[in-house]
Amino acid sequence: MAGYEKEPLAPTPPKADEGEGRTIDALQFENNVPKGYKPEGFEKFDTPELSQEAFLKDMRETYDLDIEYDRLNREQAIDDKKFAAGEQWDPVVLQQRKGLPCLVINSVPQFTAQLVGDWREAKKAIKVVGSDENDVDIADVRGDLIRAIENKSRANRVYDTCFESMVQCGDGAFRISVEYAKNDVFDQDIFIRPIEDALSVVWDRLSVDPTGRDARHVFVDDLLPETEFKRKWPDADPSQLTNEYRQQLLGGGWLEEAGVRVTEYWRMIERDRLLTMFENNKVFYVDENNLDELIEANGQPVRSRIAPCTYAQMHLVTGFKILSGPYEYQLNRVPIIRMVGRVVNIAGRRVRYGLVRFMKDPVRLKNFWRSVAAEQLGYAPKAQWIAPESAVEGREEAFRKAHLSRDPLLIYNDDATAPPERLPPPAPEAALLNEANVNTQDMKDVTGIHDASLGVRSNETSGRAINARQREGDIA
């Protein structure tokens, strides 16, 4: 931090006819694109229409490549979330057991809640540390600003939601956004906002950083009903598209029966700028607009060089039109933050998973054996009676309905050669219940969370021993 400062404000937005981006600090999302706008990197095309179409084509191809690279992880993550919510039977097995008990003994939330509860109890805070003693005051001010942003955003809730999603499916995300403080002002505040569905974020396939810091582009999807889409963007009516183009968009998922996909397309842009050191050893990006002001405040320039300046640029798009933008932050990363579970690289393929992934087989088996036990109990015959005809003649109905009656007394005929004999119903197979218990232990072994970590009393008697066992589960 010492001796280096960036401009306090985002660079001045260029004119619309220059084809450059507007800063998101200067404008909120508007339902328009600058007249004659050519997306950066696509200026070589003769007309803005061709430039925008080339940009959209490149965007769709990039999106498809990112989705295809991570398709298996995304499909398994969706299955993990469904499983945690109680959809735990395989559809094929469910069809085969049609009409039979199919119980769901859902103990998955007990395990996930343990981890999420530990996370909530831990005090999470961002601490800003200066690089040397001269930066202590600056670090304190920045730390106070960050805490104010977190408090105003209720950031703990955002972090908890993101962490719970990561525990369930191995992926979570939240965003940093800038919003107008009130409806009638131009002041803006920074907020930390949740992304409820982590799978609505499509990450750069080359990104490996667990926070997504190295991502060069990111997509954030939202599916709007077609009527709502037409209301917001009446000039982008998908019904006006040619059949061939419409079929292409349907195949790519940009148009669906349920509505139209609207996407925030974030990408990192680099522009060369003049970096200058002044007599007081402070460093700023310099242009013709701020040079005189910087010389007056910091003295004469001492050294200069051309240095890249990075921007996070966002276009609000659908598959066939740029709906709004561009908007820019002067940042060194996209303002979408990722939280991932465990990642294993298998011959170049990154496999991502959370706590639920390997619990599914033991839980399915437990559901199956408990359902079979319930089936046996349900179809087992009731208590039976064996008696000579003379003993129950005229009293048959009383013995047939004995299991429904509260009368403890059953009378048989005096002249019977032998009294009626009661046969108890068969007990369910002990192997079924034993197997269900084995599956319960399998779940604990897979997650590393055992009875003591779940709050169940075990062999430990002292508080220190109990806490040590709980920490073992937390670490695992």
# chains A, B, ... in the order shown; residues from 1 in each chain; ligands from 1
>>> residues_around(residues="stretch 414-418 of chain A", least_positions_apart="2", cutoff="9 Å", atoms="only C-alpha atoms", output="PyMOL selection string")
chain A and resi 387-392+412+420-421
>>> residues_around(residues="stretch 219-231 of chain A", least_positions_apart="4", cutoff="7 Å", atoms="only C-alpha atoms", output="mmCIF file with C-alpha atoms, in the first residue's frame")
data_model
loop_
_atom_site.group_PDB
_atom_site.id
_atom_site.type_symbol
_atom_site.label_atom_id
_atom_site.label_comp_id
_atom_site.auth_asym_id
_atom_site.auth_seq_id
_atom_site.Cartn_x
_atom_site.Cartn_y
_atom_site.Cartn_z
ATOM 1 C CA SER A 200 -26.954 -19.792 -12.139
ATOM 2 C CA VAL A 201 -23.306 -18.687 -12.282
ATOM 3 C CA VAL A 202 -21.284 -20.104 -15.177
ATOM 4 C CA TRP A 203 -17.565 -19.704 -14.511
ATOM 5 C CA ASP A 237 -39.294 -9.204 -28.910
ATOM 6 C CA ALA A 258 -40.842 -21.036 -19.626
ATOM 7 C CA GLY A 259 -39.301 -17.771 -20.795
ATOM 8 C CA VAL A 260 -36.157 -16.008 -21.985
ATOM 9 C CA ARG A 261 -32.699 -16.317 -20.443
ATOM 10 C CA VAL A 262 -31.211 -12.949 -19.462
ATOM 11 C CA THR A 263 -27.523 -13.010 -18.571
ATOM 12 C CA GLU A 264 -25.021 -10.706 -16.967
ATOM 13 C CA TYR A 265 -21.900 -11.189 -19.060
ATOM 14 C CA TRP A 266 -18.862 -10.058 -17.085
#
>>> atom_distance(atom1="atom CA of A:Phe55", atom2="atom CA of A:Ser177")
24.6 Å
>>> residues_around(residues="A:Val104", least_positions_apart="6", cutoff="12 Å", atoms="only C-alpha atoms", output="MDAnalysis selection string")
chainID A and resid 83:90 94 363:371 374
>>> write_last_selection(atoms="N, CA and C atoms", output="PDB file, in the first residue's frame")
ATOM      1  N   PHE A  83     -31.304 -34.128  -3.537  1.00  0.00           N
ATOM      2  CA  PHE A  83     -31.183 -35.181  -2.534  1.00  0.00           C
ATOM      3  C   PHE A  83     -31.292 -34.593  -1.133  1.00  0.00           C
ATOM      4  N   ALA A  84     -30.608 -33.471  -0.892  1.00  0.00           N
ATOM      5  CA  ALA A  84     -30.666 -32.838   0.424  1.00  0.00           C
ATOM      6  C   ALA A  84     -32.070 -32.358   0.755  1.00  0.00           C
ATOM      7  N   ALA A  85     -32.856 -32.030  -0.288  1.00  0.00           N
ATOM      8  CA  ALA A  85     -34.230 -31.547  -0.076  1.00  0.00           C
ATOM      9  C   ALA A  85     -35.235 -32.682   0.046  1.00  0.00           C
ATOM     10  N   GLY A  86     -34.770 -33.948  -0.074  1.00  0.00           N
ATOM     11  CA  GLY A  86     -35.673 -35.077   0.156  1.00  0.00           C
ATOM     12  C   GLY A  86     -36.003 -35.914  -1.061  1.00  0.00           C
ATOM     13  N   GLU A  87     -35.519 -35.544  -2.247  1.00  0.00           N
ATOM     14  CA  GLU A  87     -35.750 -36.367  -3.445  1.00  0.00           C
ATOM     15  C   GLU A  87     -34.649 -37.419  -3.513  1.00  0.00           C
ATOM     16  N   GLN A  88     -34.848 -38.530  -2.774  1.00  0.00           N
ATOM     17  CA  GLN A  88     -33.749 -39.463  -2.526  1.00  0.00           C
ATOM     18  C   GLN A  88     -33.919 -40.825  -3.190  1.00  0.00           C
ATOM     19  N   TRP A  89     -35.025 -41.071  -3.848  1.00  0.00           N
ATOM     20  CA  TRP A  89     -35.223 -42.375  -4.490  1.00  0.00           C
ATOM     21  C   TRP A  89     -34.857 -42.297  -5.963  1.00  0.00           C
ATOM     22  N   ASP A  90     -34.137 -43.310  -6.424  1.00  0.00           N
ATOM     23  CA  ASP A  90     -33.837 -43.415  -7.847  1.00  0.00           C
ATOM     24  C   ASP A  90     -35.152 -43.619  -8.605  1.00  0.00           C
ATOM     25  N   LEU A  94     -38.025 -46.410  -7.857  1.00  0.00           N
ATOM     26  CA  LEU A  94     -39.333 -45.905  -7.426  1.00  0.00           C
ATOM     27  C   LEU A  94     -40.442 -46.481  -8.297  1.00  0.00           C
ATOM     28  N   VAL A 363     -27.554 -43.411   2.350  1.00  0.00           N
ATOM     29  CA  VAL A 363     -28.913 -42.929   2.648  1.00  0.00           C
ATOM     30  C   VAL A 363     -29.938 -43.688   1.801  1.00  0.00           C
ATOM     31  N   ARG A 364     -29.630 -43.913   0.537  1.00  0.00           N
ATOM     32  CA  ARG A 364     -30.559 -44.671  -0.319  1.00  0.00           C
ATOM     33  C   ARG A 364     -30.764 -46.091   0.221  1.00  0.00           C
ATOM     34  N   LEU A 365     -29.667 -46.732   0.627  1.00  0.00           N
ATOM     35  CA  LEU A 365     -29.789 -48.090   1.168  1.00  0.00           C
ATOM     36  C   LEU A 365     -30.607 -48.095   2.465  1.00  0.00           C
ATOM     37  N   LYS A 366     -30.372 -47.107   3.316  1.00  0.00           N
ATOM     38  CA  LYS A 366     -31.150 -47.031   4.552  1.00  0.00           C
ATOM     39  C   LYS A 366     -32.633 -46.855   4.245  1.00  0.00           C
ATOM     40  N   ASN A 367     -32.956 -45.962   3.319  1.00  0.00           N
ATOM     41  CA  ASN A 367     -34.358 -45.788   2.921  1.00  0.00           C
ATOM     42  C   ASN A 367     -34.946 -47.098   2.386  1.00  0.00           C
ATOM     43  N   PHE A 368     -34.137 -47.829   1.603  1.00  0.00           N
ATOM     44  CA  PHE A 368     -34.636 -49.073   0.996  1.00  0.00           C
ATOM     45  C   PHE A 368     -34.926 -50.118   2.063  1.00  0.00           C
ATOM     46  N   TRP A 369     -33.949 -50.350   2.972  1.00  0.00           N
ATOM     47  CA  TRP A 369     -34.156 -51.400   3.971  1.00  0.00           C
ATOM     48  C   TRP A 369     -35.274 -51.038   4.940  1.00  0.00           C
ATOM     49  N   ARG A 370     -35.381 -49.773   5.304  1.00  0.00           N
ATOM     50  CA  ARG A 370     -36.484 -49.377   6.188  1.00  0.00           C
ATOM     51  C   ARG A 370     -37.827 -49.531   5.477  1.00  0.00           C
ATOM     52  N   SER A 371     -37.863 -49.272   4.187  1.00  0.00           N
ATOM     53  CA  SER A 371     -39.102 -49.433   3.423  1.00  0.00           C
ATOM     54  C   SER A 371     -39.489 -50.906   3.309  1.00  0.00           C
ATOM     55  N   ALA A 374     -40.891 -51.945   6.621  1.00  0.00           N
ATOM     56  CA  ALA A 374     -42.273 -51.459   6.742  1.00  0.00           C
ATOM     57  C   ALA A 374     -43.212 -52.294   5.871  1.00  0.00           C
TER      58      ALA A 374
END
>>> select_by_dssp(residues="stretch 94-132 of chain A", states="alpha helix (DSSP H)", output="list in words")
Leu94, Gln95, Gln96, Val108, Pro109, Gln110, Phe111, Thr112, Ala113, Gln114, Leu115, Val116, Gly117, Asp118, Trp119, Arg120 and Glu121 of chain A
